[in-house]
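Student: Sharing work.txt below, compact mmCIF, C-alpha atoms and all ligand atoms:
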```
# COMPACT_ATOMS: atom_id res chain seq x y z
CA MET A 1 -136.89 -134.91 -78.12
CA ARG A 2 -135.84 -136.85 -75.07
CA ASN A 3 -139.05 -136.10 -73.21
CA CYS A 4 -141.23 -137.32 -76.00
CA ILE A 5 -139.32 -140.58 -76.19
CA TRP A 6 -139.76 -141.09 -72.48
CA ALA A 7 -143.47 -140.41 -72.79
CA LEU A 8 -143.63 -143.08 -75.45
CA ILE A 9 -141.66 -145.53 -73.41
CA LEU A 10 -143.68 -144.95 -70.28
CA ALA A 11 -146.89 -145.42 -72.25
CA MET A 12 -145.53 -148.72 -73.48
CA LEU A 13 -144.81 -149.82 -69.96
CA VAL A 14 -148.46 -150.10 -69.17
CA ALA A 15 -148.98 -152.39 -72.18
CA PRO A 16 -150.55 -155.66 -70.99
CA ALA A 17 -147.65 -157.93 -71.93
CA THR A 18 -145.32 -156.10 -69.60
CA MET A 19 -147.73 -156.79 -66.74
CA ALA A 20 -147.10 -160.50 -67.14
CA LYS A 21 -146.72 -162.94 -64.27
CA PRO A 22 -143.46 -163.11 -62.31
CA PRO A 23 -140.89 -165.56 -63.67
CA GLN A 24 -141.26 -169.22 -62.84
CA GLN A 25 -139.43 -170.09 -59.66
CA GLU A 26 -137.24 -172.71 -61.29
CA GLU A 27 -136.24 -170.24 -64.00
CA LYS A 28 -135.39 -167.58 -61.42
CA ALA A 29 -133.00 -170.09 -59.93
CA ALA A 30 -131.32 -170.79 -63.28
CA PRO A 31 -127.63 -169.90 -62.92
CA PRO A 32 -125.97 -167.44 -65.32
CA PRO A 33 -125.26 -169.40 -68.53
CA PRO A 34 -121.47 -169.86 -68.20
CA TRP A 35 -120.73 -169.66 -71.96
CA ALA A 36 -122.12 -166.10 -72.09
CA TYR A 37 -119.78 -165.01 -69.29
CA GLY A 38 -116.68 -166.70 -70.70
CA PHE A 39 -116.64 -169.81 -68.51
CA ASP A 40 -117.16 -173.50 -69.10
CA SER A 41 -118.94 -174.24 -65.83
CA VAL A 42 -121.29 -172.37 -63.52
CA ALA A 43 -119.98 -170.43 -60.53
CA ASP A 44 -120.28 -172.41 -57.31
CA PRO A 45 -122.08 -170.22 -54.78
CA ALA A 46 -121.17 -172.71 -52.01
CA ALA A 47 -117.49 -172.02 -52.60
CA GLY A 48 -117.67 -168.76 -50.63
CA ALA A 49 -115.82 -165.80 -52.06
CA PRO A 50 -115.48 -166.35 -55.81
CA THR A 51 -112.08 -167.25 -57.13
CA PRO A 52 -111.44 -164.84 -59.98
CA ALA A 53 -110.72 -166.46 -63.31
CA PRO A 54 -106.96 -166.90 -63.70
CA ALA A 55 -105.53 -164.47 -66.24
CA ALA A 56 -103.82 -166.18 -69.14
CA VAL A 57 -100.08 -165.72 -69.35
CA PRO A 58 -99.55 -163.41 -72.34
CA PRO A 59 -97.15 -164.60 -75.03
CA ARG A 60 -93.62 -163.24 -74.50
CA ASP A 61 -92.60 -160.17 -76.47
CA ASP A 62 -89.42 -161.02 -78.36
CA GLY A 63 -89.21 -157.47 -79.72
CA THR A 64 -90.34 -158.41 -83.23
CA LEU A 65 -92.33 -155.75 -85.05
CA LYS A 66 -95.75 -157.08 -86.05
CA ARG A 67 -97.68 -155.89 -89.10
CA LEU A 68 -101.19 -156.14 -90.44
CA PRO A 69 -102.42 -155.93 -94.03
CA GLY A 70 -103.86 -152.49 -94.80
CA SER A 71 -101.91 -150.76 -92.03
CA THR A 72 -98.73 -148.78 -92.56
CA PHE A 73 -97.75 -149.22 -88.91
CA SER A 74 -95.75 -151.84 -87.06
CA PHE A 75 -95.80 -152.53 -83.34
CA THR A 76 -94.24 -154.89 -80.80
CA LEU A 77 -96.52 -157.07 -78.65
CA THR A 78 -95.82 -154.76 -75.71
CA GLN A 79 -97.04 -151.77 -77.71
CA ILE A 80 -100.08 -153.66 -79.01
CA ARG A 81 -101.32 -154.47 -75.52
CA ASP A 82 -100.18 -151.31 -73.72
CA GLY A 83 -103.05 -150.45 -71.38
CA TYR A 84 -102.22 -146.74 -71.59
CA GLY A 85 -101.86 -146.32 -75.34
CA PRO A 86 -102.48 -149.58 -77.21
CA ALA A 87 -101.72 -149.91 -80.93
CA ASP A 88 -104.05 -148.02 -83.24
CA TRP A 89 -103.52 -149.91 -86.53
CA TYR A 90 -106.00 -147.92 -88.62
CA PRO A 91 -106.27 -144.29 -87.45
CA GLY A 92 -108.11 -143.47 -90.70
CA ASP A 93 -111.03 -145.70 -89.65
CA HIS A 94 -112.20 -143.43 -86.83
CA PRO A 95 -112.22 -139.79 -85.69
CA GLN A 96 -109.38 -138.53 -83.51
CA MET A 97 -109.58 -140.20 -80.12
CA PRO A 98 -109.83 -138.09 -76.98
CA GLU A 99 -107.05 -138.66 -74.46
CA ILE A 100 -109.13 -140.90 -72.16
CA VAL A 101 -109.99 -143.21 -75.09
CA ALA A 102 -106.48 -143.31 -76.58
CA ARG A 103 -104.39 -143.40 -73.41
CA GLY A 104 -106.64 -143.57 -70.36
CA LYS A 105 -105.52 -141.93 -67.12
CA LYS A 106 -102.68 -143.49 -65.14
CA PRO A 107 -102.94 -145.41 -62.95
CA GLU A 108 -106.69 -145.89 -62.42
CA VAL A 109 -108.20 -145.83 -65.90
CA ARG A 110 -106.91 -147.91 -68.74
CA ALA A 111 -107.52 -146.65 -72.29
CA CYS A 112 -111.03 -147.46 -73.52
CA SER A 113 -109.41 -148.41 -76.85
CA LEU A 114 -107.59 -151.33 -75.22
CA CYS A 115 -110.75 -153.39 -74.69
CA HIS A 116 -113.35 -151.67 -76.86
CA TYR A 117 -110.84 -151.01 -79.68
CA PRO A 118 -110.20 -147.54 -81.16
CA ASN A 119 -113.26 -147.99 -83.41
CA GLY A 120 -115.51 -149.08 -80.51
CA LYS A 121 -116.23 -152.53 -82.00
CA GLY A 122 -115.13 -154.37 -78.88
CA ARG A 123 -115.03 -158.11 -78.27
CA PRO A 124 -117.58 -160.61 -76.97
CA GLU A 125 -116.11 -160.53 -73.46
CA ASN A 126 -116.52 -156.74 -73.19
CA ALA A 127 -118.94 -154.73 -75.36
CA GLY A 128 -119.30 -153.04 -78.72
CA ILE A 129 -119.86 -149.42 -77.77
CA ALA A 130 -119.62 -147.61 -81.14
CA GLY A 131 -122.95 -146.12 -82.16
CA LEU A 132 -124.54 -146.25 -78.71
CA PRO A 133 -126.48 -143.09 -77.85
CA TYR A 134 -124.50 -140.41 -76.01
CA ASP A 135 -127.03 -140.26 -73.17
CA TYR A 136 -127.04 -144.03 -72.83
CA ILE A 137 -123.23 -144.23 -72.55
CA LEU A 138 -123.25 -141.58 -69.81
CA GLN A 139 -126.09 -143.36 -68.04
CA GLU A 140 -124.18 -146.65 -68.05
CA MET A 141 -120.99 -145.00 -66.76
CA ALA A 142 -123.09 -143.60 -63.90
CA GLU A 143 -124.62 -147.02 -63.19
CA PHE A 144 -121.22 -148.73 -63.10
CA LYS A 145 -120.03 -145.96 -60.78
CA ASN A 146 -123.04 -146.13 -58.43
CA GLY A 147 -122.96 -149.90 -58.03
CA GLU A 148 -126.12 -150.32 -60.12
CA ARG A 149 -124.41 -152.41 -62.76
CA VAL A 150 -122.32 -155.48 -61.96
CA SER A 151 -122.03 -158.93 -63.51
CA ALA A 152 -124.19 -161.86 -62.43
CA ASP A 153 -121.06 -163.98 -62.57
CA PRO A 154 -118.79 -162.60 -59.85
CA ARG A 155 -115.80 -164.35 -61.42
CA LYS A 156 -115.96 -162.15 -64.54
CA PRO A 157 -112.90 -159.94 -64.00
CA ASN A 158 -113.32 -157.25 -66.62
CA THR A 159 -116.74 -156.04 -65.44
CA HIS A 160 -115.04 -155.26 -62.11
CA PHE A 161 -112.42 -153.28 -64.06
CA MET A 162 -115.15 -151.35 -65.89
CA VAL A 163 -116.65 -150.39 -62.51
CA ASP A 164 -113.26 -149.20 -61.24
CA PHE A 165 -112.69 -147.09 -64.36
CA ALA A 166 -116.13 -145.47 -64.11
CA LYS A 167 -115.46 -144.59 -60.46
CA ALA A 168 -112.12 -142.96 -61.29
CA MET A 169 -113.33 -140.86 -64.21
CA THR A 170 -114.39 -137.24 -64.12
CA GLU A 171 -117.66 -136.08 -65.65
CA ASP A 172 -115.72 -134.38 -68.47
CA GLU A 173 -113.76 -137.53 -69.28
CA ALA A 174 -116.96 -139.57 -69.41
CA LYS A 175 -118.54 -136.98 -71.70
CA ALA A 176 -115.53 -136.94 -74.03
CA ALA A 177 -115.59 -140.72 -74.31
CA ALA A 178 -119.39 -140.78 -74.80
CA ARG A 179 -119.22 -138.13 -77.53
CA TYR A 180 -116.48 -140.07 -79.29
CA PHE A 181 -118.13 -143.51 -79.30
CA ALA A 182 -121.59 -142.10 -80.05
CA SER A 183 -120.20 -140.27 -83.10
CA MET A 184 -119.50 -143.54 -84.92
CA ASN A 185 -122.08 -145.90 -86.43
CA TRP A 186 -122.38 -149.56 -85.56
CA THR A 187 -121.34 -151.50 -88.68
CA PRO A 188 -121.16 -155.26 -89.49
CA TRP A 189 -118.81 -157.11 -87.15
CA ILE A 190 -120.29 -160.52 -86.30
CA LYS A 191 -121.35 -163.27 -88.66
CA VAL A 192 -124.05 -165.54 -87.20
CA ILE A 193 -124.05 -169.19 -88.27
CA GLU A 194 -126.66 -171.78 -87.24
CA THR A 195 -125.02 -175.15 -86.66
CA GLU A 196 -125.25 -178.42 -84.76
CA THR A 197 -121.50 -178.70 -84.16
CA VAL A 198 -118.85 -176.12 -83.37
CA PRO A 199 -115.05 -176.13 -83.57
CA LYS A 200 -113.51 -177.10 -80.26
CA THR A 201 -112.38 -174.06 -78.36
CA ARG A 202 -110.47 -173.12 -75.26
CA ILE A 203 -111.30 -170.11 -73.14
CA GLN A 204 -108.68 -167.42 -72.64
CA ASN A 205 -109.53 -164.33 -70.59
CA GLY A 206 -113.22 -164.80 -71.30
CA MET A 207 -112.87 -165.32 -75.05
CA PHE A 208 -113.45 -168.62 -76.88
CA LEU A 209 -110.48 -169.42 -79.15
CA ARG A 210 -110.63 -172.14 -81.79
CA LEU A 211 -108.14 -174.95 -81.24
CA GLU A 212 -105.79 -176.00 -83.97
CA GLY A 213 -107.05 -178.93 -86.03
CA ASP A 214 -110.54 -179.92 -87.14
CA ALA A 215 -111.98 -181.20 -83.86
CA THR A 216 -115.64 -180.33 -83.33
CA GLU A 217 -118.20 -180.86 -80.58
CA PRO A 218 -121.99 -180.51 -80.30
CA ILE A 219 -123.08 -176.91 -79.77
CA GLY A 220 -125.80 -177.84 -77.26
CA GLN A 221 -127.79 -174.89 -75.90
CA ARG A 222 -124.91 -172.45 -76.21
CA ILE A 223 -123.67 -169.62 -78.39
CA ILE A 224 -119.99 -169.91 -79.17
CA GLU A 225 -118.55 -166.63 -80.37
CA THR A 226 -115.02 -166.81 -81.64
CA PRO A 227 -112.63 -164.65 -83.70
CA VAL A 228 -112.64 -165.10 -87.48
CA ASN A 229 -108.84 -165.04 -87.21
CA VAL A 230 -107.52 -166.04 -83.80
CA GLU A 231 -104.06 -164.58 -84.21
CA ALA A 232 -105.27 -161.27 -85.64
CA THR A 233 -107.69 -160.79 -82.75
CA GLU A 234 -106.01 -162.30 -79.76
CA LEU A 235 -102.41 -161.47 -80.44
CA LEU A 236 -102.54 -158.37 -82.65
CA ARG A 237 -105.83 -156.76 -81.56
CA ASP A 238 -106.79 -156.15 -85.17
CA ALA A 239 -109.80 -153.84 -85.02
CA ARG A 240 -110.81 -154.91 -88.55
CA SER A 241 -110.95 -158.64 -87.81
CA GLY A 242 -114.42 -159.58 -86.58
CA PHE A 243 -116.18 -162.56 -85.04
CA ILE A 244 -118.26 -165.60 -85.89
CA ALA A 245 -121.13 -166.50 -83.58
CA TYR A 246 -122.23 -170.13 -83.83
CA VAL A 247 -125.83 -170.54 -82.66
CA PRO A 248 -128.10 -173.61 -82.40
CA VAL A 249 -130.19 -174.53 -85.44
CA GLY A 250 -133.61 -172.85 -85.32
CA SER A 251 -132.66 -170.20 -82.79
CA ILE A 252 -132.84 -167.22 -85.18
CA LYS A 253 -136.44 -167.99 -86.15
CA LYS A 254 -137.46 -168.61 -82.54
CA GLY A 255 -135.77 -165.37 -81.53
CA GLU A 256 -137.53 -163.45 -84.27
CA ALA A 257 -140.94 -164.56 -82.99
CA LEU A 258 -140.06 -163.31 -79.51
CA ALA A 259 -138.35 -160.06 -80.51
CA MET A 260 -140.70 -158.98 -83.29
CA LYS A 261 -144.02 -160.42 -82.11
CA GLY A 262 -143.54 -160.67 -78.38
CA GLY A 263 -143.76 -164.48 -78.50
CA ALA A 264 -147.58 -164.45 -78.28
CA GLY A 265 -147.74 -162.46 -75.05
CA LYS A 266 -144.58 -163.78 -73.42
CA THR A 267 -142.78 -160.48 -73.79
CA THR A 268 -143.15 -157.09 -75.52
CA GLN A 269 -141.92 -156.42 -79.05
CA CYS A 270 -138.41 -155.08 -78.68
CA THR A 271 -138.99 -152.76 -81.65
CA ILE A 272 -141.32 -150.55 -79.59
CA CYS A 273 -138.42 -149.04 -77.68
CA HIS A 274 -135.32 -150.16 -79.62
CA ALA A 275 -136.73 -148.92 -83.02
CA ALA A 276 -138.20 -150.85 -85.96
CA ASP A 277 -134.73 -151.65 -87.28
CA LEU A 278 -133.52 -152.49 -83.74
CA GLN A 279 -130.74 -149.94 -84.11
CA GLY A 280 -131.79 -147.84 -81.14
CA LEU A 281 -134.16 -144.92 -80.59
CA GLY A 282 -133.31 -141.71 -78.72
CA PRO A 283 -131.46 -142.78 -75.56
CA VAL A 284 -132.39 -146.48 -75.98
CA PRO A 285 -129.41 -148.57 -77.20
CA GLY A 286 -129.20 -150.40 -80.53
CA LEU A 287 -129.28 -154.20 -80.51
CA ALA A 288 -128.98 -155.18 -84.20
CA GLY A 289 -125.72 -156.86 -85.20
CA ARG A 290 -124.26 -156.75 -81.70
CA SER A 291 -122.45 -159.54 -79.86
CA PRO A 292 -124.94 -162.26 -78.88
CA SER A 293 -122.92 -163.38 -75.84
CA PHE A 294 -122.90 -159.77 -74.64
CA LEU A 295 -126.67 -159.50 -75.24
CA VAL A 296 -127.40 -162.69 -73.28
CA ARG A 297 -125.31 -161.40 -70.38
CA GLN A 298 -127.25 -158.14 -70.33
CA LEU A 299 -130.64 -159.86 -70.52
CA TYR A 300 -129.70 -162.21 -67.69
CA ASP A 301 -128.14 -159.43 -65.60
CA ILE A 302 -131.20 -157.21 -66.06
CA GLN A 303 -133.71 -159.99 -65.35
CA HIS A 304 -131.87 -160.98 -62.18
CA GLY A 305 -131.30 -157.47 -60.85
CA TYR A 306 -127.55 -157.18 -61.45
CA ARG A 307 -128.38 -154.13 -63.57
CA SER A 308 -130.75 -151.97 -61.61
CA GLY A 309 -130.53 -148.36 -62.78
CA ILE A 310 -133.54 -146.17 -63.29
CA TRP A 311 -133.59 -146.83 -67.04
CA THR A 312 -133.20 -150.55 -66.41
CA SER A 313 -136.59 -150.57 -64.72
CA LEU A 314 -138.12 -150.04 -68.16
CA MET A 315 -136.48 -153.22 -69.46
CA LYS A 316 -136.93 -155.51 -66.47
CA PRO A 317 -140.68 -156.23 -66.73
CA VAL A 318 -140.39 -156.77 -70.48
CA ILE A 319 -138.11 -159.78 -70.06
CA ALA A 320 -139.41 -161.13 -66.73
CA ASN A 321 -140.83 -164.31 -68.29
CA LEU A 322 -137.99 -165.24 -70.59
CA THR A 323 -136.04 -168.44 -69.98
CA THR A 324 -132.30 -168.59 -70.63
CA ASP A 325 -133.06 -170.47 -73.88
CA ASP A 326 -135.41 -167.65 -74.94
CA MET A 327 -132.61 -165.15 -74.29
CA LEU A 328 -130.24 -167.27 -76.37
CA ALA A 329 -132.74 -167.28 -79.27
CA ILE A 330 -133.41 -163.54 -79.04
CA ALA A 331 -129.69 -162.77 -78.96
CA ALA A 332 -129.08 -165.02 -82.01
CA TYR A 333 -131.80 -163.16 -83.89
CA LEU A 334 -130.63 -159.68 -82.85
CA ALA A 335 -127.01 -160.44 -83.72
CA SER A 336 -128.07 -161.74 -87.14
CA ARG A 337 -129.88 -158.48 -88.05
CA SER A 338 -127.96 -156.56 -90.67
CA VAL A 339 -126.70 -153.06 -90.07
CA PRO A 340 -125.52 -150.71 -92.85
CA PRO A 341 -121.83 -151.10 -93.71
CA ALA A 342 -119.44 -148.24 -93.02
CA ALA A 343 -119.44 -145.67 -95.81
CA GLY A 344 -116.94 -146.56 -98.49
CA SER A 345 -115.72 -149.70 -96.75
CA THR A 346 -115.62 -153.26 -97.94
CA ALA A 347 -117.38 -154.30 -94.78
CA GLU A 348 -117.02 -158.00 -95.55
CA ASN A 349 -113.37 -157.86 -94.62
CA SER A 350 -114.40 -157.48 -90.99
CA VAL A 351 -116.46 -160.65 -90.82
CA ALA A 352 -115.41 -162.90 -93.68
CA GLY A 353 -111.96 -164.05 -94.70
CA PRO A 354 -110.02 -167.22 -94.03
CA GLU A 355 -110.87 -169.06 -90.86
CA ALA A 356 -107.32 -169.17 -89.59
CA THR A 357 -106.67 -171.79 -86.99
CA PHE A 358 -104.89 -171.07 -83.77
CA SER A 359 -101.39 -170.13 -84.84
CA SER A 360 -98.30 -171.54 -83.21
CA ALA A 361 -97.14 -167.95 -82.73
CA ASN A 362 -99.72 -167.57 -79.97
CA LYS A 363 -98.63 -170.48 -77.79
C1 LIG B 401 -110.31 -153.81 -69.22
C2 LIG B 401 -111.23 -153.72 -70.31
C3 LIG B 401 -112.10 -152.46 -70.45
C4 LIG B 401 -111.68 -151.16 -70.61
C5 LIG B 401 -110.25 -150.63 -70.63
C6 LIG B 401 -112.88 -150.37 -70.72
N1 LIG B 401 -113.99 -151.17 -70.66
FE1 LIG B 401 -115.93 -150.58 -70.96
N2 LIG B 401 -116.57 -152.49 -70.65
C7 LIG B 401 -115.75 -153.56 -70.36
C8 LIG B 401 -116.58 -154.72 -70.12
C9 LIG B 401 -116.06 -156.08 -69.74
C10 LIG B 401 -117.93 -154.33 -70.31
C11 LIG B 401 -119.18 -155.19 -70.30
C12 LIG B 401 -119.45 -155.79 -68.99
C13 LIG B 401 -120.45 -156.93 -68.96
O1 LIG B 401 -120.90 -157.51 -69.94
O2 LIG B 401 -120.75 -157.23 -67.84
C14 LIG B 401 -117.88 -152.91 -70.64
C15 LIG B 401 -119.01 -152.16 -70.90
C16 LIG B 401 -119.00 -150.82 -71.21
C17 LIG B 401 -120.16 -150.02 -71.50
C18 LIG B 401 -121.60 -150.51 -71.54
C19 LIG B 401 -122.00 -150.88 -72.94
C20 LIG B 401 -123.43 -151.28 -73.11
O3 LIG B 401 -123.86 -151.43 -74.26
O4 LIG B 401 -124.16 -151.48 -72.15
C21 LIG B 401 -119.73 -148.76 -71.74
C22 LIG B 401 -120.60 -147.56 -72.10
C23 LIG B 401 -118.29 -148.75 -71.60
N3 LIG B 401 -117.86 -150.03 -71.28
C24 LIG B 401 -117.49 -147.63 -71.75
C25 LIG B 401 -116.10 -147.61 -71.55
C26 LIG B 401 -115.30 -146.41 -71.60
C27 LIG B 401 -115.84 -145.03 -71.91
C28 LIG B 401 -114.02 -146.78 -71.36
C29 LIG B 401 -112.77 -145.92 -71.24
C30 LIG B 401 -112.80 -144.94 -70.17
C31 LIG B 401 -114.02 -148.23 -71.13
N4 LIG B 401 -115.31 -148.68 -71.26
C32 LIG B 401 -112.88 -148.98 -70.86
C33 LIG B 401 -114.37 -153.55 -70.33
C34 LIG B 401 -113.55 -152.46 -70.47
C1 LIG B 402 -140.36 -150.27 -72.65
C2 LIG B 402 -139.24 -150.04 -73.51
C3 LIG B 402 -138.37 -151.25 -73.85
C4 LIG B 402 -138.76 -152.43 -74.45
C5 LIG B 402 -140.15 -152.85 -74.90
C6 LIG B 402 -137.56 -153.21 -74.61
N1 LIG B 402 -136.48 -152.53 -74.12
FE1 LIG B 402 -134.56 -153.20 -74.03
N2 LIG B 402 -133.99 -151.47 -73.10
C7 LIG B 402 -134.81 -150.41 -72.80
C8 LIG B 402 -134.06 -149.39 -72.10
C9 LIG B 402 -134.57 -148.07 -71.60
C10 LIG B 402 -132.74 -149.90 -71.97
C11 LIG B 402 -131.55 -149.27 -71.23
C12 LIG B 402 -131.52 -149.91 -69.86
C13 LIG B 402 -130.46 -149.41 -68.91
O1 LIG B 402 -129.99 -148.28 -69.05
O2 LIG B 402 -130.09 -150.17 -68.02
C14 LIG B 402 -132.74 -151.20 -72.61
C15 LIG B 402 -131.62 -152.03 -72.67
C16 LIG B 402 -131.59 -153.25 -73.29
C17 LIG B 402 -130.43 -154.11 -73.38
C18 LIG B 402 -129.03 -153.78 -72.89
C19 LIG B 402 -128.25 -153.22 -74.06
C20 LIG B 402 -126.84 -152.82 -73.77
O3 LIG B 402 -126.20 -152.28 -74.68
O4 LIG B 402 -126.37 -153.01 -72.64
C21 LIG B 402 -130.80 -155.23 -74.06
C22 LIG B 402 -129.93 -156.42 -74.43
C23 LIG B 402 -132.21 -155.09 -74.37
N3 LIG B 402 -132.65 -153.89 -73.91
C24 LIG B 402 -132.95 -156.04 -75.05
C25 LIG B 402 -134.31 -155.94 -75.28
C26 LIG B 402 -135.08 -157.00 -75.90
C27 LIG B 402 -134.51 -158.30 -76.37
C28 LIG B 402 -136.39 -156.55 -75.95
C29 LIG B 402 -137.61 -157.29 -76.47
C30 LIG B 402 -137.83 -158.61 -75.92
C31 LIG B 402 -136.41 -155.23 -75.34
N4 LIG B 402 -135.13 -154.89 -74.96
C32 LIG B 402 -137.54 -154.47 -75.18
C33 LIG B 402 -136.15 -150.31 -73.11
C34 LIG B 402 -136.94 -151.32 -73.66
```
Would you write the structure of this file as structure tokens?
Ligand code: HEC
Ligand code: HEC

Tutor:
Amino acid sequence: MRNCIWALILAMLVAPATMAKPPQQEEKAAPPPPWAYGFDSVADPAAGAPTPAPAAVPPRDDGTLKRLPGSTFSFTLTQIRDGYGPADWYPGDHPQMPEIVARGKKPEVRACSLCHYPNGKGRPENAGIAGLPYDYILQEMAEFKNGERVSADPRKPNTHFMVDFAKAMTEDEAKAAARYFASMNWTPWIKVIETETVPKTRIQNGMFLRLEGDATEPIGQRIIETPVNVEATELLRDARSGFIAYVPVGSIKKGEALAMKGGAGKTTQCTICHAADLQGLGPVPGLAGRSPSFLVRQLYDIQHGYRSGIWTSLMKPVIANLTTDDMLAIAAYLASRSVPPAAGSTAENSVAGPEATFSSANK
């Protein structure tokens, strides 16, 4: 099975579009788009060693037990954000977590469920890893470990953490985590909205949080991905409360032309390797319905050599000629592709619902 997929992929590699010219010099020099990496300005290479982004001071735990609708559990803030056993509000939503996913391994490896959530949905500043192929997850853990996968923005703190975790894990722990996350399907999580203006946001630990009030600003050439419910996501880590991705008007259609038709020779149809429904094929990861900020980061990191594993060499020539705006459009399109809802679930509850403003409880 695996061999025949590789034969297919390798055959595709010699397709003419992947032999395209090297990227334009000025585009090569384009800095990582700060919004995709959770910043509001580009890193200054002249500043010497990068200053890591300051971690936000977490709200104080006053010992109150927090609750969420649909969960029979209650947790304090300290329990919710415990790096070695964070709250699992909805254990019925996922299979039983292996130890490394539920509790990590003290002190080097924090629980995967802290950042990627027990159901693997993740957040824009990390990654949705549910439904990725088993082989792909193991491959990525190896690339983080071997220094073949870093972030183009050296200020991004959590990619450094991911590298440290991969280095500290045993083969068996990586396999247990890969089996677990690969066993779940990717289901709807992000609602994509084309717009000219976006709610004003502030950035906290790499995530854009809507400010209280109705203030808006032009979207510009950015994707702003923000929780549907700020308090549920940021404070309570509600693994059923999804995200809205605001994208510039026209980007989905532009992205479709690039992803599905190769943009008239600019790139190769993504469907050739990522499957007709863009939900992944063999060891190649799914792209449909996934976080567009995450996708832009990966496209930029791959194009600029910050991801350089053996499998990455299949992707690199495909996207060599894309500009950052092309990547934005492709990511908007991919994120807008529907994926089947979880069996028996009212999937809308993950992406719809009231657009709660930033609650005073989180200040
Ligand atoms: C502190 C937060 C954090 C924890 C804990 C964490 N990760 Fe990650 N993980 C990240 C970030 C951040 C990225 C994406 C990095 C980027 O975009 O540069 C990531 C990416 C990944 C990816 C790549 C996904 C893809 O589609 O390419 C995999 C696989 C992964 N993590 C697995 C794990 C496993 C398994 C664990 C538990 C052992 C874990 N992570 C724990 C933050 C975390
Ligand atoms: C020749 C086969 C091939 C084609 C065509 C292809 N990809 Fe990929 N893609 C891959 C492989 C293989 C990987 C895994 C790379 C790795 O392990 O680093 C990948 C990884 C990715 C990732 C990273 C996903 C993640 O979870 O980290 C993104 C994003 C991506 N591809 C987007 C695209 C887009 C957009 C297109 C079309 C413009 C495309 N790919 C076309 C083979 C391909």

Student: All residues within 7 Å of ligand LIG 401 (chain B) are required, counting all atoms listed in the file; please report them as a ChimeraX atom specification.

Tutor: /A:100-101,104,109-116,125-129,132,137-138,140-141,150-151,158-159,161-162,165-166,174,177-178,285,294,297-298

Student: Just to be explicit: take each residue in the selection above, keep C-alpha atoms, and write the result as an mmCIF file, in the frame of the given file.

Tutor:
```cif
data_model
loop_
_atom_site.group_PDB
_atom_site.id
_atom_site.type_symbol
_atom_site.label_atom_id
_atom_site.label_comp_id
_atom_site.auth_asym_id
_atom_site.auth_seq_id
_atom_site.Cartn_x
_atom_site.Cartn_y
_atom_site.Cartn_z
ATOM 1 C CA ILE A 100 -109.130 -140.900 -72.160
ATOM 2 C CA VAL A 101 -109.990 -143.210 -75.090
ATOM 3 C CA GLY A 104 -106.640 -143.570 -70.360
ATOM 4 C CA VAL A 109 -108.200 -145.830 -65.900
ATOM 5 C CA ARG A 110 -106.910 -147.910 -68.740
ATOM 6 C CA ALA A 111 -107.520 -146.650 -72.290
ATOM 7 C CA CYS A 112 -111.030 -147.460 -73.520
ATOM 8 C CA SER A 113 -109.410 -148.410 -76.850
ATOM 9 C CA LEU A 114 -107.590 -151.330 -75.220
ATOM 10 C CA CYS A 115 -110.750 -153.390 -74.690
ATOM 11 C CA HIS A 116 -113.350 -151.670 -76.860
ATOM 12 C CA GLU A 125 -116.110 -160.530 -73.460
ATOM 13 C CA ASN A 126 -116.520 -156.740 -73.190
ATOM 14 C CA ALA A 127 -118.940 -154.730 -75.360
ATOM 15 C CA GLY A 128 -119.300 -153.040 -78.720
ATOM 16 C CA ILE A 129 -119.860 -149.420 -77.770
ATOM 17 C CA LEU A 132 -124.540 -146.250 -78.710
ATOM 18 C CA ILE A 137 -123.230 -144.230 -72.550
ATOM 19 C CA LEU A 138 -123.250 -141.580 -69.810
ATOM 20 C CA GLU A 140 -124.180 -146.650 -68.050
ATOM 21 C CA MET A 141 -120.990 -145.000 -66.760
ATOM 22 C CA VAL A 150 -122.320 -155.480 -61.960
ATOM 23 C CA SER A 151 -122.030 -158.930 -63.510
ATOM 24 C CA ASN A 158 -113.320 -157.250 -66.620
ATOM 25 C CA THR A 159 -116.740 -156.040 -65.440
ATOM 26 C CA PHE A 161 -112.420 -153.280 -64.060
ATOM 27 C CA MET A 162 -115.150 -151.350 -65.890
ATOM 28 C CA PHE A 165 -112.690 -147.090 -64.360
ATOM 29 C CA ALA A 166 -116.130 -145.470 -64.110
ATOM 30 C CA ALA A 174 -116.960 -139.570 -69.410
ATOM 31 C CA ALA A 177 -115.590 -140.720 -74.310
ATOM 32 C CA ALA A 178 -119.390 -140.780 -74.800
ATOM 33 C CA PRO A 285 -129.410 -148.570 -77.200
ATOM 34 C CA PHE A 294 -122.900 -159.770 -74.640
ATOM 35 C CA ARG A 297 -125.310 -161.400 -70.380
ATOM 36 C CA GLN A 298 -127.250 -158.140 -70.330
#
```

Student: Between A:Ala264, A:Ala56, A:Val247, A:Met184, which one has atoms that come closest to Ser291 in chain A, using only C-alpha atoms?

Tutor: A:Val247

Student: Determine, counting all atoms listed in the file, which protein, DNA and RNA residues have an atom within 12 Å of an atom of Lys156 in chain A; residues of the same chain fewer than 2 positions away are not included. Present the result as a PyMOL selection string.

Tutor: chain A and resi 32+34-39+42-43+50-55+125-126+150-154+158-163+205-207+297

Student: With only C-alpha atoms counted, which protein, DNA or RNA residues have an atom no more than 12 Å from (-86.0, -158.9, -78.0) in the file frame? Please answer as number ranges by chain.

Tutor: A: 60-65, 76-78

Student: Kindly save the residues from that selection, with C-alpha atoms included, as a compact mmCIF listing (two decimals), in the frame of the given file.

Tutor:
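File written: part_24.txt
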```txt
# COMPACT_ATOMS: atom_id res chain seq x y z
CA ARG A 60 -93.62 -163.24 -74.50
CA ASP A 61 -92.60 -160.17 -76.47
CA ASP A 62 -89.42 -161.02 -78.36
CA GLY A 63 -89.21 -157.47 -79.72
CA THR A 64 -90.34 -158.41 -83.23
CA LEU A 65 -92.33 -155.75 -85.05
CA THR A 76 -94.24 -154.89 -80.80
CA LEU A 77 -96.52 -157.07 -78.65
CA THR A 78 -95.82 -154.76 -75.71
```
